[in-house]
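K.L.:
What follows is the file entry.csv, containing CSV, C-alpha atoms:
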```
chain,number,residue,atom,x,y,z
A,1,MET,CA,-14.9,-6.9,-15.3
A,2,ARG,CA,-11.5,-5.3,-16.2
A,3,PHE,CA,-9.5,-3.6,-13.5
A,4,PRO,CA,-8.0,-0.2,-14.4
A,5,LYS,CA,-4.2,-0.3,-13.9
A,6,ALA,CA,-2.3,2.0,-11.5
A,7,ALA,CA,-0.2,4.7,-13.1
A,8,PRO,CA,3.1,3.0,-14.2
A,9,GLU,CA,5.4,6.0,-13.4
A,10,ALA,CA,4.3,6.1,-9.7
A,11,LYS,CA,5.2,2.4,-9.3
A,12,GLN,CA,8.5,2.6,-11.1
A,13,GLN,CA,10.7,3.2,-8.0
A,14,ARG,CA,9.1,0.4,-6.1
A,15,LYS,CA,9.5,-2.0,-9.1
A,16,GLN,CA,13.2,-1.1,-9.2
A,17,ALA,CA,13.5,-1.7,-5.4
A,18,GLY,CA,11.7,-5.1,-5.9
A,19,ALA,CA,14.1,-6.1,-8.7
A,20,TRP,CA,17.1,-5.1,-6.6
A,21,LEU,CA,15.8,-7.1,-3.7
A,22,GLN,CA,15.2,-10.1,-5.9
A,23,GLU,CA,18.7,-9.9,-7.3
A,24,LEU,CA,20.2,-9.8,-3.7
A,25,ARG,CA,18.1,-12.8,-2.8
A,26,HIS,CA,19.3,-14.8,-5.8
A,27,ARG,CA,22.9,-13.9,-4.9
A,28,ALA,CA,22.2,-15.2,-1.4
A,29,ASN,CA,20.9,-18.4,-3.0
A,30,LEU,CA,17.6,-18.2,-1.2
A,31,SER,CA,14.1,-18.9,-2.3
A,32,GLN,CA,11.2,-16.6,-1.4
A,33,VAL,CA,10.0,-19.3,1.0
A,34,GLU,CA,13.4,-19.6,2.7
A,35,LEU,CA,13.7,-15.8,3.0
A,36,ALA,CA,10.3,-15.6,4.6
A,37,GLY,CA,11.3,-18.3,7.0
A,38,ARG,CA,14.4,-16.4,8.0
A,39,LEU,CA,12.3,-13.3,8.5
A,40,GLY,CA,9.9,-15.2,10.8
A,41,LEU,CA,6.9,-14.7,8.4
A,42,LYS,CA,4.2,-17.3,8.4
A,43,TYR,CA,3.8,-17.1,4.6
A,44,TYR,CA,6.1,-16.1,1.9
A,45,THR,CA,3.6,-14.1,0.0
A,46,PHE,CA,4.8,-10.7,1.4
A,47,VAL,CA,8.3,-11.4,0.0
A,48,SER,CA,6.7,-11.8,-3.4
A,49,GLN,CA,4.6,-8.7,-3.0
A,50,VAL,CA,7.7,-6.6,-2.2
A,51,GLU,CA,9.7,-8.1,-5.0
A,52,ASN,CA,6.9,-7.6,-7.5
A,53,GLY,CA,7.1,-3.9,-6.7
A,54,PHE,CA,3.8,-3.5,-4.7
A,55,GLY,CA,4.7,-3.6,-1.0
A,56,ARG,CA,7.6,-1.9,0.8
A,57,VAL,CA,10.0,-3.4,3.2
A,58,PRO,CA,8.8,-2.0,6.6
A,59,THR,CA,11.4,-0.2,8.7
A,60,GLU,CA,11.3,-2.8,11.4
A,61,LEU,CA,12.1,-5.6,8.9
A,62,MET,CA,15.0,-3.8,7.1
A,63,GLU,CA,17.7,-5.1,9.4
A,64,PRO,CA,16.7,-8.8,9.5
A,65,TRP,CA,16.0,-8.6,5.7
A,66,ALA,CA,19.5,-7.3,5.1
A,67,ARG,CA,21.1,-9.8,7.4
A,68,ALA,CA,19.2,-12.7,5.8
A,69,LEU,CA,20.6,-11.6,2.4
A,70,SER,CA,24.1,-11.1,3.8
A,71,ALA,CA,24.0,-7.4,3.1
A,72,ASP,CA,25.1,-4.5,5.3
A,73,PRO,CA,22.0,-3.2,7.1
A,74,CYS,CA,23.0,0.4,6.8
A,75,GLU,CA,23.8,0.3,3.1
A,76,PHE,CA,20.6,-1.8,2.5
A,77,ALA,CA,18.4,0.7,4.3
A,78,ARG,CA,20.1,3.6,2.4
A,79,THR,CA,19.5,2.0,-0.9
A,80,LEU,CA,15.9,1.2,-0.1
A,81,LEU,CA,15.4,4.8,0.9
A,82,SER,CA,16.7,5.9,-2.5
A,83,PHE,CA,13.9,3.9,-4.1
A,84,TYR,CA,11.1,4.5,-1.6
A,85,ASP,CA,11.8,8.2,-0.9
A,86,PRO,CA,14.3,9.7,-3.3
A,87,THR,CA,13.8,13.2,-2.1
A,88,LEU,CA,14.6,12.4,1.5
A,89,HIS,CA,17.5,10.3,0.3
A,90,GLN,CA,18.8,13.2,-1.7
A,91,LEU,CA,18.5,15.6,1.3
A,92,LEU,CA,20.2,13.2,3.6
A,93,PHE,CA,23.0,11.7,1.5
A,94,GLU,CA,23.5,13.7,-1.7
A,95,ARG,CA,25.0,17.0,-0.5
A,96,PRO,CA,25.5,19.6,-3.2
A,97,LYS,CA,29.1,20.3,-4.0
A,98,ALA,CA,30.4,23.5,-2.4
B,1,MET,CA,-5.9,-54.0,-3.6
B,2,THR,CA,-8.0,-51.4,-5.3
B,3,VAL,CA,-7.0,-47.8,-5.0
B,4,ILE,CA,-10.1,-45.5,-5.0
B,5,ARG,CA,-9.6,-42.3,-6.8
B,6,PHE,CA,-11.3,-39.5,-5.0
B,7,PRO,CA,-12.9,-36.8,-7.2
B,8,THR,CA,-10.6,-33.7,-7.1
B,9,HIS,CA,-11.7,-30.1,-7.1
B,10,PRO,CA,-11.0,-28.7,-10.6
B,11,ARG,CA,-8.1,-26.3,-10.1
B,12,THR,CA,-7.1,-23.4,-12.3
B,13,PRO,CA,-3.6,-23.4,-13.7
B,14,LEU,CA,-0.8,-22.0,-11.6
B,15,GLY,CA,-0.8,-18.2,-11.5
B,16,ASP,CA,-4.3,-17.9,-12.7
B,17,TRP,CA,-7.3,-16.6,-10.8
B,18,ASP,CA,-10.6,-18.4,-10.9
B,19,PRO,CA,-13.1,-16.2,-12.8
B,20,ALA,CA,-15.5,-16.4,-9.8
B,21,ASP,CA,-12.7,-15.2,-7.5
B,22,ARG,CA,-11.9,-12.3,-9.9
B,23,GLU,CA,-15.6,-11.4,-10.0
B,24,ALA,CA,-15.9,-11.4,-6.2
B,25,ILE,CA,-12.8,-9.2,-5.9
B,26,ALA,CA,-14.1,-6.9,-8.6
B,27,THR,CA,-17.4,-6.5,-6.8
B,28,LEU,CA,-15.5,-5.7,-3.6
B,29,CYS,CA,-13.4,-3.0,-5.3
B,30,ALA,CA,-16.1,-1.4,-7.5
B,31,PRO,CA,-17.5,1.2,-4.9
B,32,TYR,CA,-14.0,2.2,-3.8
B,33,LEU,CA,-12.9,2.6,-7.4
B,34,LYS,CA,-15.9,4.8,-8.1
B,35,ALA,CA,-15.1,6.9,-5.0
B,36,GLY,CA,-11.5,7.3,-6.1
B,37,GLU,CA,-10.2,5.5,-2.9
B,38,ILE,CA,-8.6,2.8,-5.0
B,39,SER,CA,-6.8,3.6,-8.2
B,40,GLY,CA,-6.7,0.0,-9.5
B,41,CYS,CA,-5.9,-3.6,-9.1
B,42,GLU,CA,-3.0,-5.5,-10.5
B,43,SER,CA,-2.3,-9.2,-10.6
B,44,GLY,CA,1.0,-10.9,-10.0
B,45,VAL,CA,2.5,-14.3,-9.2
B,46,THR,CA,4.9,-15.6,-6.6
B,47,GLU,CA,8.1,-17.5,-7.3
B,48,CYS,CA,6.2,-20.8,-6.7
B,49,GLY,CA,3.4,-19.8,-9.2
B,50,ASP,CA,0.7,-18.8,-6.7
B,51,PRO,CA,-1.5,-16.0,-7.9
B,52,GLN,CA,-1.6,-12.6,-6.1
B,53,LEU,CA,-3.9,-9.6,-6.6
B,54,TYR,CA,-2.9,-6.2,-5.3
B,55,VAL,CA,-5.4,-3.5,-4.5
B,56,ILE,CA,-3.7,-0.1,-5.2
B,57,GLY,CA,-4.4,3.1,-3.3
B,58,PRO,CA,-4.9,6.5,-4.8
B,59,ALA,CA,-2.2,8.8,-6.3
B,60,PRO,CA,0.4,10.0,-5.8
B,61,GLU,CA,1.7,7.2,-3.6
B,62,HIS,CA,-0.2,4.3,-5.3
B,63,ASP,CA,0.5,2.2,-2.2
B,64,CYS,CA,-0.6,-1.4,-2.0
B,65,LEU,CA,-3.6,-1.3,0.3
B,66,LEU,CA,-4.4,-5.0,0.2
B,67,CYS,CA,-2.8,-8.1,-1.2
B,68,ILE,CA,-4.8,-11.2,-1.9
B,69,SER,CA,-3.0,-14.4,-2.5
B,70,ARG,CA,-4.2,-17.9,-3.2
B,71,LEU,CA,-2.0,-20.8,-1.9
B,72,GLY,CA,-3.7,-23.9,-3.1
B,73,ARG,CA,-7.2,-23.7,-1.7
B,74,LEU,CA,-6.3,-21.2,1.0
B,75,TYR,CA,-6.8,-17.5,0.5
B,76,LEU,CA,-4.6,-14.9,2.3
B,77,LEU,CA,-5.3,-11.3,3.0
B,78,GLU,CA,-2.4,-9.0,3.8
B,79,ASP,CA,-1.7,-5.3,3.6
B,80,GLY,CA,1.1,-3.5,1.9
B,81,ARG,CA,3.4,-3.8,5.0
B,82,GLY,CA,3.1,-7.5,5.5
B,83,GLN,CA,0.4,-7.6,8.1
B,84,LEU,CA,-1.6,-10.8,7.7
B,85,PHE,CA,-5.3,-10.1,8.2
B,86,GLY,CA,-6.4,-13.7,7.8
B,87,GLU,CA,-6.4,-17.0,6.0
B,88,TYR,CA,-9.7,-18.2,4.5
B,89,PRO,CA,-10.9,-21.4,2.9
B,90,ARG,CA,-13.5,-19.4,0.8
B,91,ILE,CA,-13.1,-16.2,-1.1
B,92,ALA,CA,-16.4,-14.9,0.2
B,93,GLU,CA,-15.0,-14.8,3.8
B,94,LEU,CA,-11.9,-13.0,2.6
B,95,VAL,CA,-14.1,-10.4,0.7
B,96,LYS,CA,-16.0,-9.8,3.9
B,97,ARG,CA,-12.8,-9.1,5.9
B,98,ALA,CA,-11.4,-7.0,3.0
B,99,ARG,CA,-14.5,-4.9,3.0
B,100,SER,CA,-14.3,-4.1,6.7
B,101,THR,CA,-10.6,-3.3,6.3
B,102,LEU,CA,-11.2,-0.9,3.4
B,103,ALA,CA,-14.1,0.7,5.4
B,104,GLN,CA,-11.7,1.2,8.4
B,105,LYS,CA,-9.2,2.9,6.0
B,106,ARG,CA,-12.1,5.1,4.8
B,107,HIS,CA,-12.9,6.1,8.4
B,108,PHE,CA,-9.3,6.7,9.1
B,109,ILE,CA,-9.1,9.1,6.1
B,110,ALA,CA,-12.3,10.9,7.2
B,111,VAL,CA,-10.9,11.3,10.8
B,112,ARG,CA,-7.7,12.7,9.4
B,113,ALA,CA,-9.6,15.2,7.1
B,114,ILE,CA,-11.7,16.3,10.1
B,115,GLY,CA,-8.5,16.7,12.2
B,116,ALA,CA,-7.0,18.8,9.4
B,117,TRP,CA,-10.1,21.0,9.1
B,118,TYR,CA,-10.1,21.7,12.9
B,119,ALA,CA,-6.4,22.5,12.8
B,120,ALA,CA,-7.0,25.0,10.0
B,121,ARG,CA,-9.9,26.5,11.9
B,122,GLU,CA,-7.8,26.8,15.0
B,123,PHE,CA,-5.0,28.5,13.0
B,124,PHE,CA,-7.5,31.0,11.6
B,125,GLU,CA,-9.0,31.8,15.0
B,126,GLU,CA,-5.6,32.2,16.7
B,127,LYS,CA,-3.5,33.9,14.0
B,128,LEU,CA,-5.7,35.6,11.4
B,129,GLU,CA,-8.7,36.8,13.4
B,130,PRO,CA,-6.7,39.2,15.6
B,131,LEU,CA,-5.1,40.6,12.5
B,132,LEU,CA,-8.4,41.1,10.9
B,133,ALA,CA,-10.2,42.4,14.0
B,134,GLU,CA,-8.3,45.7,14.1
B,135,PRO,CA,-9.0,46.8,10.5
B,136,LEU,CA,-12.6,45.8,10.8
B,137,GLU,CA,-12.9,47.9,14.0
B,138,LEU,CA,-11.3,50.8,12.2
B,139,LEU,CA,-13.6,50.4,9.3
B,140,SER,CA,-16.7,50.4,11.5
B,141,HIS,CA,-15.5,53.8,12.9
B,142,VAL,CA,-14.7,55.3,9.5
B,143,ALA,CA,-17.5,53.9,7.5
B,144,PRO,CA,-20.3,56.3,8.9
B,145,GLN,CA,-18.0,59.3,8.1
B,146,PHE,CA,-17.5,58.0,4.5
B,147,ALA,CA,-21.2,57.5,4.3
B,148,ALA,CA,-21.8,61.1,5.4
B,149,PHE,CA,-19.4,62.4,2.7
B,150,ALA,CA,-21.0,60.3,0.0
```
Once you've parsed the file, please lay out its structure as structure tokens.

P.N.:
Amino acid sequence: MRFPKAAPEAKQQRKQAGAWLQELRHRANLSQVELAGRLGLKYYTFVSQVENGFGRVPTELMEPWARALSADPCEFARTLLSFYDPTLHQLLFERPKA
Amino acid sequence: MTVIRFPTHPRTPLGDWDPADREAIATLCAPYLKAGEISGCESGVTECGDPQLYVIGPAPEHDCLLCISRLGRLYLLEDGRGQLFGEYPRIAELVKRARSTLAQKRHFIAVRAIGAWYAAREFFEEKLEPLLAEPLELLSHVAPQFAAFA
């Protein structure tokens, strides 16, 4: 049996977020297993899920995730918001020029 | 000394799903796909080469509802927010748990729909009925006179 695929455009933002997170992790010189360990996760599969563009970093994990990757938590959360909820990000941080 | 070689379980290559596993997951998803509660399934692989399968929710969000991973001979079931539902030695056990999780989500959606319907009804009764009551009363007074003229 073949599975129908999800609409690619709907996943695009999460894919970009995943690629960005993976790049940050590579820069921090961590493996998915090591990052999961620092986040206190029993298995590393959730890190893979997020980096593959399917899951989202939950709000409660944003700060430890950022710290594990040596990133500023505020900037980290703001960038993730721009991927996960671009409209809200625009309302909050991209003020129209007066 | 003789080393005895134990027969090993034939394993699929890294990143690949066993056809029987895929079939079990496809059977699990089929009714939800038909009902539009799932928009599809996608497969992926971890950095270590362990296969993953993502059950994707409906549009417009296309959220990951369930993530099934196979680490060696262990199957893991998680949601899209990293909540681990369980670890299973056999796919059949995972499918059983996944089915109940999807059914819970279905009930949750139904409860939300009922809640929304009651909220709409409440709004109609509170806000719109008083507005409609007056013209209706007026109409009931005027209608016989109009009928007499006709």

K.L.:
Compile a residue-level contact table for chain B against chain A at a cut-off of 8 Å, reporting for every qualifying residue the shortest atom pair and its distance in Å to one decimal, with all atoms listed in the file counted, rows ordered by chain and ascending number, as a tab-separated table.

P.N.:
```
residue	atom	partner	partner_atom	distance
B:Glu23	CA	A:Met1	CA	7.0
B:Ala26	CA	A:Met1	CA	6.7
B:Ser39	CA	A:Ala6	CA	5.8
B:Gly40	CA	A:Lys5	CA	5.1
B:Cys41	CA	A:Phe3	CA	5.7
B:Glu42	CA	A:Lys5	CA	6.3
B:Gly44	CA	A:Asn52	CA	7.2
B:Val45	CA	A:Ser48	CA	7.6
B:Thr46	CA	A:Ser48	CA	5.3
B:Glu47	CA	A:Gln32	CA	6.7
B:Gln52	CA	A:Gln49	CA	8.0
B:Tyr54	CA	A:Phe54	CA	7.2
B:Ile56	CA	A:Ala6	CA	6.8
B:Ala59	CA	A:Ala10	CA	7.8
B:Pro60	CA	A:Ala10	CA	6.8
B:Glu61	CA	A:Ala10	CA	6.7
B:His62	CA	A:Ala10	CA	6.5
B:Asp63	CA	A:Phe54	CA	7.0
B:Cys64	CA	A:Phe54	CA	5.6
B:Cys67	CA	A:Gln49	CA	7.6
B:Ser69	CA	A:Thr45	CA	7.1
B:Glu78	CA	A:Phe46	CA	7.8
B:Gly80	CA	A:Gly55	CA	4.6
B:Arg81	CA	A:Pro58	CA	5.9
B:Gly82	CA	A:Phe46	CA	5.5
```

K.L.:
Have a look at atom CA of Leu21 of chain A and atom CA of His89 of chain A and let me know their distance in Å, one decimal.

P.N.:
17.9 Å

K.L.:
Could you pull the residues within 12 Å of segment 67-71 of chain A, counting all atoms listed in the file, minus those fewer than 4 positions along the same chain, as a ChimeraX atom specification?

P.N.:
/A:20-32,34-40,61-63,75-79

K.L.:
Those same residues, written as an mmCIF file, in the frame of the given file with C-alpha atoms?

P.N.:
```cif
data_model
loop_
_atom_site.group_PDB
_atom_site.id
_atom_site.type_symbol
_atom_site.label_atom_id
_atom_site.label_comp_id
_atom_site.auth_asym_id
_atom_site.auth_seq_id
_atom_site.Cartn_x
_atom_site.Cartn_y
_atom_site.Cartn_z
ATOM 1 C CA TRP A 20 17.100 -5.100 -6.600
ATOM 2 C CA LEU A 21 15.800 -7.100 -3.700
ATOM 3 C CA GLN A 22 15.200 -10.100 -5.900
ATOM 4 C CA GLU A 23 18.700 -9.900 -7.300
ATOM 5 C CA LEU A 24 20.200 -9.800 -3.700
ATOM 6 C CA ARG A 25 18.100 -12.800 -2.800
ATOM 7 C CA HIS A 26 19.300 -14.800 -5.800
ATOM 8 C CA ARG A 27 22.900 -13.900 -4.900
ATOM 9 C CA ALA A 28 22.200 -15.200 -1.400
ATOM 10 C CA ASN A 29 20.900 -18.400 -3.000
ATOM 11 C CA LEU A 30 17.600 -18.200 -1.200
ATOM 12 C CA SER A 31 14.100 -18.900 -2.300
ATOM 13 C CA GLN A 32 11.200 -16.600 -1.400
ATOM 14 C CA GLU A 34 13.400 -19.600 2.700
ATOM 15 C CA LEU A 35 13.700 -15.800 3.000
ATOM 16 C CA ALA A 36 10.300 -15.600 4.600
ATOM 17 C CA GLY A 37 11.300 -18.300 7.000
ATOM 18 C CA ARG A 38 14.400 -16.400 8.000
ATOM 19 C CA LEU A 39 12.300 -13.300 8.500
ATOM 20 C CA GLY A 40 9.900 -15.200 10.800
ATOM 21 C CA LEU A 61 12.100 -5.600 8.900
ATOM 22 C CA MET A 62 15.000 -3.800 7.100
ATOM 23 C CA GLU A 63 17.700 -5.100 9.400
ATOM 24 C CA GLU A 75 23.800 0.300 3.100
ATOM 25 C CA PHE A 76 20.600 -1.800 2.500
ATOM 26 C CA ALA A 77 18.400 0.700 4.300
ATOM 27 C CA ARG A 78 20.100 3.600 2.400
ATOM 28 C CA THR A 79 19.500 2.000 -0.900
#
```

K.L.:
List the spatial neighbours of Phe83 of chain A as a PyMOL selection string - criterion: any atom at most 8 Å away, all atoms listed in the file, same-chain residues fewer than 5 positions off excluded.

P.N.:
chain A and resi 13-14+16-17

K.L.:
Kindly provide, as AutoDock Vina command-line options, the centre and edge lengths (Å, one decimal) of an axis-aligned box around all atoms of segment 54-60 of chain B given in the file, with 3 Å on each side.

P.N.:
```
--center_x -2.5 --center_y 1.9 --center_z -4.8 --size_x 11.8 --size_y 22.2 --size_z 9.0
```

K.L.:
Can you work out the spacing between atom CA of Phe85 of chain B and atom CA of Leu66 of chain B in Å, to one decimal?

P.N.:
9.5 Å

K.L.:
Quick one: pull the distance between atom CA of Glu134 of chain B and atom CA of Glu122 of chain B, Å, one decimal.

P.N.:
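According to the coordinates, atom CA of Glu134 of chain B and atom CA of Glu122 of chain B are separated by 18.9 Å.
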
K.L.:
Using all atoms listed in the file, pick whichever of B:Leu28, B:Arg99, B:Gly36, B:Leu71 has the shortest atom-to-atom distance to Gly49 of chain B.

P.N.:
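The answer is B:Leu71, which sits nearest to Gly49 of chain B.
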